[in-house]
file run09.tsv (TSV, C-alpha atoms)
chain	number	residue	atom	x	y	z
A	8	MET	CA	30.68	-6.89	20.05
A	9	LYS	CA	27.06	-5.84	20.57
A	10	LYS	CA	24.47	-8.50	21.18
A	11	THR	CA	21.32	-8.10	19.07
A	12	ASN	CA	18.10	-8.68	20.98
A	13	TRP	CA	15.78	-10.25	18.40
A	14	ASN	CA	12.44	-11.54	19.55
A	15	TYR	CA	9.33	-12.62	17.67
A	16	ARG	CA	7.91	-9.08	17.75
A	17	SER	CA	11.04	-7.62	16.20
A	18	ILE	CA	11.09	-10.27	13.48
A	19	LEU	CA	7.36	-9.90	12.73
A	20	PHE	CA	7.71	-6.12	12.70
A	21	LEU	CA	10.64	-6.31	10.26
A	22	PHE	CA	8.88	-8.91	8.10
A	23	SER	CA	5.71	-6.77	7.92
A	24	ARG	CA	7.73	-3.68	7.01
A	25	LEU	CA	9.59	-5.52	4.25
A	26	ILE	CA	6.42	-7.05	2.81
A	27	LEU	CA	4.67	-3.70	2.59
A	28	GLY	CA	7.79	-1.96	1.34
A	29	CYS	CA	8.23	-4.46	-1.49
A	30	VAL	CA	4.52	-4.40	-2.37
A	31	PHE	CA	4.42	-0.61	-2.59
A	32	ILE	CA	7.63	-0.42	-4.63
A	33	TYR	CA	6.50	-3.17	-7.01
A	34	ALA	CA	3.09	-1.53	-7.40
A	35	CYS	CA	4.49	1.87	-8.34
A	36	PHE	CA	6.87	1.01	-11.19
A	37	ASP	CA	4.43	0.50	-14.05
A	38	LYS	CA	2.34	3.45	-12.89
A	39	ILE	CA	5.38	5.75	-12.88
A	40	LEU	CA	6.51	4.53	-16.30
A	41	HIS	CA	3.03	4.85	-17.87
A	42	PRO	CA	1.16	7.73	-16.20
A	43	ALA	CA	-1.35	8.12	-19.05
A	44	ALA	CA	-2.38	4.48	-18.83
A	45	PHE	CA	-2.66	4.72	-15.05
A	46	SER	CA	-4.73	7.87	-15.46
A	47	LYS	CA	-7.13	5.87	-17.62
A	48	ALA	CA	-7.32	3.17	-14.92
A	49	VAL	CA	-8.11	5.82	-12.30
A	50	TYR	CA	-10.75	7.32	-14.59
A	51	ASN	CA	-12.37	3.90	-15.08
A	52	TYR	CA	-13.11	3.66	-11.37
A	53	GLN	CA	-15.58	6.55	-11.86
A	54	ILE	CA	-15.09	7.76	-8.30
A	55	LEU	CA	-12.95	10.90	-8.53
A	56	PRO	CA	-13.97	14.16	-10.17
A	57	ASP	CA	-12.24	14.69	-13.53
A	58	ALA	CA	-10.09	17.48	-12.08
A	59	PHE	CA	-8.36	15.04	-9.68
A	60	ILE	CA	-7.73	12.11	-12.02
A	61	ASN	CA	-4.43	13.27	-13.57
A	62	LEU	CA	-3.16	14.61	-10.26
A	63	THR	CA	-3.91	11.28	-8.59
A	64	ALA	CA	-2.28	9.35	-11.43
A	65	ILE	CA	0.90	11.39	-11.07
A	66	VAL	CA	1.15	11.71	-7.27
A	67	LEU	CA	-0.06	8.28	-6.10
A	68	PRO	CA	2.72	6.16	-7.67
A	69	TRP	CA	5.42	8.42	-6.25
A	70	LEU	CA	3.75	8.26	-2.83
A	71	GLU	CA	3.80	4.45	-3.10
A	72	LEU	CA	7.50	4.56	-3.99
A	73	VAL	CA	8.34	6.77	-1.01
A	74	LEU	CA	6.24	4.59	1.31
A	75	GLY	CA	7.99	1.49	0.05
A	76	PHE	CA	11.44	2.91	0.76
A	77	VAL	CA	10.33	4.27	4.14
A	78	PHE	CA	9.11	0.82	5.17
A	79	ILE	CA	12.26	-0.93	3.95
A	80	ILE	CA	14.60	1.59	5.61
A	81	GLY	CA	12.46	1.74	8.75
A	82	ILE	CA	12.19	5.51	9.18
A	83	TRP	CA	9.17	7.76	9.75
A	84	MET	CA	7.07	4.76	10.77
A	85	HIS	CA	4.37	6.79	12.53
A	86	GLY	CA	3.36	8.57	9.34
A	87	ALA	CA	4.01	5.64	7.02
A	88	VAL	CA	1.70	3.24	8.85
A	89	VAL	CA	-1.15	5.75	8.90
A	90	ILE	CA	-0.79	6.63	5.21
A	91	SER	CA	-0.42	3.00	4.14
A	92	ASN	CA	-3.48	1.92	6.11
A	93	LEU	CA	-5.50	4.76	4.61
A	94	LEU	CA	-4.33	3.95	1.07
A	95	LEU	CA	-4.91	0.21	1.36
A	96	THR	CA	-8.34	0.76	2.91
A	97	MET	CA	-9.25	3.26	0.17
A	98	PHE	CA	-8.10	0.85	-2.55
A	99	THR	CA	-10.08	-2.01	-1.04
A	100	VAL	CA	-13.23	0.08	-0.61
A	101	ALA	CA	-12.93	1.40	-4.18
A	102	LEU	CA	-12.65	-2.15	-5.50
A	103	LEU	CA	-15.65	-3.30	-3.45
A	104	PHE	CA	-17.64	-0.26	-4.52
A	105	ASN	CA	-17.04	-0.96	-8.21
A	106	LEU	CA	-17.75	-4.67	-7.83
A	107	ALA	CA	-21.06	-3.76	-6.17
A	108	ARG	CA	-21.83	-1.38	-9.05
A	109	GLY	CA	-21.06	-4.15	-11.52
A	110	LEU	CA	-18.28	-2.28	-13.32
A	111	ASP	CA	-15.91	-4.54	-15.23
A	112	ILE	CA	-12.62	-2.68	-14.84
A	113	SER	CA	-9.01	-3.69	-14.36
A	114	CYS	CA	-7.60	-3.01	-10.93
A	115	GLY	CA	-4.64	-0.91	-12.06
A	116	CYS	CA	-2.92	-1.99	-8.87
A	117	PHE	CA	0.27	-3.56	-10.20
A	118	SER	CA	-0.02	-3.01	-13.93
A	119	THR	CA	-1.46	-0.38	-16.23
A	120	SER	CA	-1.74	-2.87	-19.08
A	121	ALA	CA	-5.09	-3.21	-20.82
A	122	MET	CA	-4.46	-6.96	-20.78
A	123	GLU	CA	-4.69	-7.05	-16.97
A	124	SER	CA	-7.62	-9.13	-15.79
A	125	SER	CA	-10.72	-7.49	-14.38
A	126	ALA	CA	-10.97	-6.74	-10.71
A	127	ASN	CA	-12.87	-9.42	-8.86
A	128	ILE	CA	-13.37	-10.76	-5.36
A	129	TRP	CA	-9.86	-12.27	-5.42
A	130	THR	CA	-8.42	-8.82	-6.02
A	131	VAL	CA	-10.32	-7.56	-2.98
A	132	LEU	CA	-9.03	-10.48	-0.90
A	133	GLN	CA	-5.49	-9.73	-2.04
A	134	HIS	CA	-5.84	-6.15	-0.79
A	135	GLY	CA	-7.33	-7.50	2.42
A	136	LEU	CA	-4.20	-9.60	2.87
A	137	PHE	CA	-2.03	-6.51	2.39
A	138	LEU	CA	-4.03	-4.85	5.15
A	139	VAL	CA	-2.97	-7.54	7.65
A	140	PRO	CA	0.68	-6.43	7.99
A	141	ALA	CA	-0.39	-2.78	7.67
A	142	VAL	CA	-2.83	-3.06	10.58
A	143	TYR	CA	-0.25	-5.01	12.58
A	144	LEU	CA	2.30	-2.22	12.07
A	145	LEU	CA	-0.31	0.38	13.00
A	146	PHE	CA	-1.07	-1.49	16.20
A	147	MET	CA	2.62	-1.92	17.07
A	148	VAL	CA	3.53	1.70	16.38
A	149	TYR	CA	0.59	3.38	18.08
A	150	PHE	CA	-1.05	0.99	20.51
A	151	SER	CA	1.62	-1.36	21.84
A	152	ARG	CA	2.95	-0.16	25.18
A	153	ASN	CA	6.13	-2.16	25.00
A	154	CYS	CA	6.99	-1.74	21.33
A	155	ASP	CA	10.74	-1.98	21.63
A	156	VAL	CA	11.28	-2.17	17.88
A	157	LEU	CA	10.95	1.61	17.51
A	158	LYS	CA	13.17	2.53	20.43
A	159	PRO	CA	16.81	3.31	19.71
A	160	LYS	CA	19.27	0.73	20.99
A	161	THR	CA	21.77	1.96	23.56
call {"tool": "encode", "arguments": {"input": "run09.tsv", "output": "structure tokens"}}
result
Amino acid sequence: MKKTNWNYRSILFLFSRLILGCVFIYACFDKILHPAAFSKAVYNYQILPDAFINLTAIVLPWLELVLGFVFIIGIWMHGAVVISNLLLTMFTVALLFNLARGLDISCGCFSTSAMESSANIWTVLQHGLFLVPAVYLLFMVYFSRNCDVLKPKT
């Protein structure tokens, strides 16, 4: 019987992967089911040119779904941590940008419903909290010299 070598880094790495995986999967469902409503949410941000709004509303939820499964399964971590950090940073900056402009829009992060509350500073803090495990995974995958969680067990 093989002995599993779990340490705090392995547990934190797994926990961070599962958190981000679940967040991305949960965030994509409503967007996939209601692409027109999500397209309206993307349009309301008033950041993208009109030509990219529908494309973003169709591609982004599926990218979130794939990222979620990649994190949960634990494959392709090098690409997944870079893409997730870029996405979460972009989302956070877009929210801050629209708060600074005084736009009263719904986030569109987890629901495409018109009844969703407006984005506010708490929404930005929530995205900041999602960045914590994402940045940790980025550090572990790319900058940790003794990251044994990515090495195959022999």
call {"tool": "residues_near_point", "arguments": {"input": "run09.tsv", "point": "(11.3, 3.0, 2.0)", "cutoff": "10 Å", "atoms": "only C-alpha atoms", "output": "list in words"}}
result
Arg24, Leu25, Leu27, Gly28, Cys29, Phe31, Ile32, Glu71, Leu72, Val73, Leu74, Gly75, Phe76, Val77, Phe78, Ile79, Ile80, Gly81, Ile82, Trp83, Met84 and Ala87 of chain A
call {"tool": "write_last_selection", "arguments": {"input": "run09.tsv", "atoms": "C-alpha atoms", "output": "mmCIF file, keeping the file's coordinate frame"}}
result
data_model
loop_
_atom_site.group_PDB
_atom_site.id
_atom_site.type_symbol
_atom_site.label_atom_id
_atom_site.label_comp_id
_atom_site.auth_asym_id
_atom_site.auth_seq_id
_atom_site.Cartn_x
_atom_site.Cartn_y
_atom_site.Cartn_z
ATOM 1 C CA ARG A 24 7.730 -3.680 7.010
ATOM 2 C CA LEU A 25 9.590 -5.520 4.250
ATOM 3 C CA LEU A 27 4.670 -3.700 2.590
ATOM 4 C CA GLY A 28 7.790 -1.960 1.340
ATOM 5 C CA CYS A 29 8.230 -4.460 -1.490
ATOM 6 C CA PHE A 31 4.420 -0.610 -2.590
ATOM 7 C CA ILE A 32 7.630 -0.420 -4.630
ATOM 8 C CA GLU A 71 3.800 4.450 -3.100
ATOM 9 C CA LEU A 72 7.500 4.560 -3.990
ATOM 10 C CA VAL A 73 8.340 6.770 -1.010
ATOM 11 C CA LEU A 74 6.240 4.590 1.310
ATOM 12 C CA GLY A 75 7.990 1.490 0.050
ATOM 13 C CA PHE A 76 11.440 2.910 0.760
ATOM 14 C CA VAL A 77 10.330 4.270 4.140
ATOM 15 C CA PHE A 78 9.110 0.820 5.170
ATOM 16 C CA ILE A 79 12.260 -0.930 3.950
ATOM 17 C CA ILE A 80 14.600 1.590 5.610
ATOM 18 C CA GLY A 81 12.460 1.740 8.750
ATOM 19 C CA ILE A 82 12.190 5.510 9.180
ATOM 20 C CA TRP A 83 9.170 7.760 9.750
ATOM 21 C CA MET A 84 7.070 4.760 10.770
ATOM 22 C CA ALA A 87 4.010 5.640 7.020
#
call {"tool": "closest_residue", "arguments": {"input": "run09.tsv", "among": "A:Tyr149, A:Phe36, A:Phe59, A:Phe20", "to": "His85 in chain A", "atoms": "only C-alpha atoms"}}
result
A:Tyr149
call {"tool": "axis_aligned_box", "arguments": {"input": "run09.tsv", "around": "range 76-84 of chain A", "padding_each_side": "3 Å", "output": "AutoDock Vina command-line options"}}
result
--center_x 10.8 --center_y 3.4 --center_z 5.8 --size_x 13.5 --size_y 14.7 --size_z 16.0
call {"tool": "closest_residue", "arguments": {"input": "run09.tsv", "among": "A:Leu70, A:Leu21, A:Ile60, A:Val89", "to": "Ala141 in chain A", "atoms": "all atoms listed in the file"}}
result
A:Val89
call {"tool": "closest_residue", "arguments": {"input": "run09.tsv", "among": "A:Ala64, A:Ala44, A:Val49, A:Ile39", "to": "Asn105 in chain A", "atoms": "only C-alpha atoms"}}
result
A:Val49
call {"tool": "atom_distance", "arguments": {"input": "run09.tsv", "atom1": "CA of Phe45 in chain A", "atom2": "CA of Asp111 in chain A"}}
result
16.2 Å
call {"tool": "decode", "arguments": {"input": "run09.tsv", "residues": "range 16-39 of chain A", "atoms": "C-alpha atoms", "output": "PDB file, in the first residue's frame"}}
result
ATOM      1  CA  ARG A  16       1.392  22.932   1.034  1.00  0.00           C
ATOM      2  CA  SER A  17      -0.339  20.015  -0.659  1.00  0.00           C
ATOM      3  CA  ILE A  18      -3.526  20.601   1.318  1.00  0.00           C
ATOM      4  CA  LEU A  19      -3.498  24.366   0.690  1.00  0.00           C
ATOM      5  CA  PHE A  20      -2.769  23.789  -2.989  1.00  0.00           C
ATOM      6  CA  LEU A  21      -5.673  21.334  -3.277  1.00  0.00           C
ATOM      7  CA  PHE A  22      -8.003  23.596  -1.285  1.00  0.00           C
ATOM      8  CA  SER A  23      -7.137  26.602  -3.489  1.00  0.00           C
ATOM      9  CA  ARG A  24      -7.703  24.569  -6.654  1.00  0.00           C
ATOM     10  CA  LEU A  25     -11.076  23.327  -5.436  1.00  0.00           C
ATOM     11  CA  ILE A  26     -12.232  26.783  -4.346  1.00  0.00           C
ATOM     12  CA  LEU A  27     -11.396  28.333  -7.705  1.00  0.00           C
ATOM     13  CA  GLY A  28     -12.776  25.364  -9.605  1.00  0.00           C
ATOM     14  CA  CYS A  29     -16.114  25.565  -7.798  1.00  0.00           C
ATOM     15  CA  VAL A  30     -16.279  29.362  -8.152  1.00  0.00           C
ATOM     16  CA  PHE A  31     -15.651  29.249 -11.893  1.00  0.00           C
ATOM     17  CA  ILE A  32     -18.141  26.423 -12.455  1.00  0.00           C
ATOM     18  CA  TYR A  33     -20.815  28.113 -10.349  1.00  0.00           C
ATOM     19  CA  ALA A  34     -20.224  31.434 -12.112  1.00  0.00           C
ATOM     20  CA  CYS A  35     -20.631  29.996 -15.606  1.00  0.00           C
ATOM     21  CA  PHE A  36     -23.980  28.189 -15.353  1.00  0.00           C
ATOM     22  CA  ASP A  37     -26.398  31.111 -15.558  1.00  0.00           C
ATOM     23  CA  LYS A  38     -24.273  32.772 -18.229  1.00  0.00           C
ATOM     24  CA  ILE A  39     -24.303  29.639 -20.384  1.00  0.00           C
TER      25      ILE A  39
END
